[in-house]
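*Asks:* Provided herewith is a single structure, encoded as structure tokens, for subsequent inquiry.
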Amino acid sequence: MRDLRLRLRRTRRTPALRRLVRETALAPGDLVAGAFVVPGNGVRDPIPSLPGVDRVSPDRLAEDARRLADLGVGGIILFGIPASKDPKGSGAWDPKGPVPEALRLLHRASLDLVLLADVCLCEYTDHGHCGVLRPGKQEVDNDASLEFLSRAAACYAEAGADVVAPSDMMDGRVAAIRAALDADKHADIAILSYAAKYASAFYGPFRDAAGSTPAFGDRRGYQMDAANRREAMREIALDLDEGADMVMVKPALAYLDVLHEARDSFDVPLGAYNVSGEYAMVKAAAAAGALDEKRATLEVLTAIRRAGADFILTYHAAQAAVWLGERE
Ligand code: PBG
């Protein structure tokens, strides 16, 4: 009689066999590194809640980007931290701001690295919301915000971004940004929409890094409810309809079902954001000796790919690329 006990174990016997039958590949080129840019020169300021990630000035960022390109990492996404904030978030479209400054430097360096610019107002508004407020009210004005988001996107395209990535969750922003880019002769610049972005507790370290915690209220009026999966498909369909070239699910780990369904439903490039809180959890557990950081990180990133992501935004990009270069 055939021995069924080892039926599946035969192909797990050696590293070479496991490699041969592996269903999901994870490569440095699938990863996009998150980076925080501040004004100035020679600045490298560690972020306590994101160990291993620094706030850097454009010149230092250029060094980091060169290293990422050498490691074969796919891209880098820039978040700006301006010198000052105001109600409209006008720093978001200041061509002298840290993000455009950095984009010009990186663009000139012609690295083999996709340059993405996050588009949002929350790092630039003094109230910390992702759009502007209705006059005299503590309420985000969706439609009035579109013009400002479009200005920011056009400013980053002009400075050398390959991709602009709106993360604000205002309705209609993809269409508004597409129109602004086209009108500004940037028809070739792609839009990666944070299409299914949830109101999540896992953005804590990012808000700490960017000083973008809302001064009042929360983001539940524009970001998605964690309880909803079908709604995410509507968000994605609408953004594609408005002209998004790529879409993203964010966060990743508590939303792998959403990612999986998005993969099955839409035949477009799909990203996942392994957000700051997810990174911080692994870091804290590793620092406490509770888990092995390399194994945990590669497992997490592989799982996000397995669920359906083509690419992953992660603060572990450089380190993961190094680990991926080491054989099993
Ligand atoms: C800006 C933005 C946020 C993140 C990416 N873009 C913060 C937020 O929505 O509060 C979070 C990324 C992370 O936690 O790593 N809107």
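Going through the structure tokens in order, the chains are called A, B, and so on, while each chain numbers its residues from 1 and the ligands are numbered from 1 in the order shown.
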Around ligand 1, at most 9 Å away and counting only C-alpha atoms and all ligand atoms, which residues are there? Put them as number ranges by chain, please.

*Replies:* A: 34, 79, 118-123, 128-130, 165-169, 194, 197-207, 210, 212-214, 219, 223, 250-251, 273-279, 313-315

*Asks:* What's around Tyr156 of chain A at 12 Å? Count only C-alpha atoms, leave out sequence neighbours fewer than 3 positions away in its own chain, and write the answer as a tab-separated table (two decimals) with C-alpha atoms, in the first residue's frame.

*Replies:*
```tsv
chain	number	residue	atom	x	y	z
A	77	ILE	CA	8.05	56.99	-1.03
A	78	LEU	CA	8.61	60.43	0.45
A	79	PHE	CA	6.68	62.05	3.30
A	80	GLY	CA	7.45	65.68	4.05
A	92	ALA	CA	2.40	70.74	0.68
A	93	TRP	CA	2.80	72.55	-2.64
A	94	ASP	CA	5.77	74.77	-1.81
A	95	PRO	CA	8.37	74.00	-4.49
A	96	LYS	CA	11.07	74.86	-1.94
A	97	GLY	CA	9.68	72.36	0.60
A	98	PRO	CA	11.70	69.30	1.63
A	99	VAL	CA	9.87	66.85	-0.65
A	100	PRO	CA	10.28	68.76	-3.96
A	101	GLU	CA	13.86	69.58	-2.95
A	102	ALA	CA	14.59	65.89	-2.36
A	103	LEU	CA	12.78	64.83	-5.54
A	104	ARG	CA	14.92	67.16	-7.63
A	107	HIS	CA	15.71	62.74	-10.06
A	115	LEU	CA	10.34	57.86	-6.91
A	116	LEU	CA	6.96	58.11	-5.23
A	117	ALA	CA	5.57	61.15	-3.45
A	118	ASP	CA	2.81	60.77	-0.87
A	119	VAL	CA	0.12	63.39	-1.43
A	120	CYS	CA	-1.77	64.54	1.65
A	149	LEU	CA	-4.20	68.15	-3.15
A	150	SER	CA	-3.98	68.66	-6.92
A	151	ARG	CA	-1.52	71.52	-6.46
A	152	ALA	CA	0.67	69.32	-4.26
A	153	ALA	CA	0.59	66.45	-6.77
A	159	ALA	CA	10.07	68.15	-9.15
A	160	GLY	CA	10.65	64.67	-10.57
A	161	ALA	CA	8.28	62.16	-8.95
A	162	ASP	CA	7.49	59.12	-11.11
A	163	VAL	CA	4.36	58.37	-9.12
A	164	VAL	CA	2.12	60.50	-6.93
A	165	ALA	CA	0.26	58.67	-4.18
A	166	PRO	CA	-2.78	60.39	-2.66
A	177	ILE	CA	-5.21	65.07	-9.53
A	180	ALA	CA	-4.22	68.74	-12.86
A	181	LEU	CA	-1.30	66.53	-13.96
A	184	ASP	CA	0.43	70.61	-16.44
A	186	HIS	CA	2.50	65.51	-16.68
A	189	ILE	CA	3.11	60.55	-14.28
A	190	ALA	CA	1.25	57.67	-12.63
A	191	ILE	CA	-1.18	57.79	-9.73
```

*Asks:* Need to verify the contact set: segment 132-147 of chain A, 7 Å, only C-alpha atoms, exclusion of same-chain residues closer than 4 positions in sequence. Can you return it as a PyMOL selection string?

*Replies:* chain A and resi 87-88+151+170-171+173+176

*Asks:* Just list the residues in segment 94-281 of chain A DSSP gives strand (DSSP E) on the backbone, as a PyMOL selection string.

*Replies:* chain A and resi 114-119+163-166+190-197+246-250+270-274

*Asks:* Quick one: residues within 9 Å of Arg229 of chain A, only C-alpha atoms, excluding same-chain residues fewer than 6 positions away - as a ChimeraX atom specification?

*Replies:* /A:255,257-258,261

*Asks:* Could you give me, as a PyMOL selection string, the residues within 12 Å of Asp241 of chain A, counting only C-alpha atoms and dropping anything in the same chain fewer than 4 positions from it?

*Replies:* chain A and resi 172-175+178+193+195+234-237+245-247+266

*Asks:* Pick the closest to Ala179 of chain A from A:His316, A:Gly131, A:Ala109, A:Ala154: which is it, counting only C-alpha atoms?

*Replies:*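 Among the listed residues, the smallest separation from Ala179 of chain A belongs to A:Ala154.
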
*Asks:* In Å, with one decimal, what is the gap from atom CA of Arg2 of chain A to atom CA of Leu17 of chain A?

*Replies:*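 Calculated distance between atom CA of Arg2 of chain A and atom CA of Leu17 of chain A is 21.6 Å.
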
*Asks:* How far is it from atom CA of Gly308 of chain A to atom CA of Gly74 of chain A, in Å with one decimal?

*Replies:*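 Value for the atom CA of Gly308 of chain A-atom CA of Gly74 of chain A distance: 17.2 Å.
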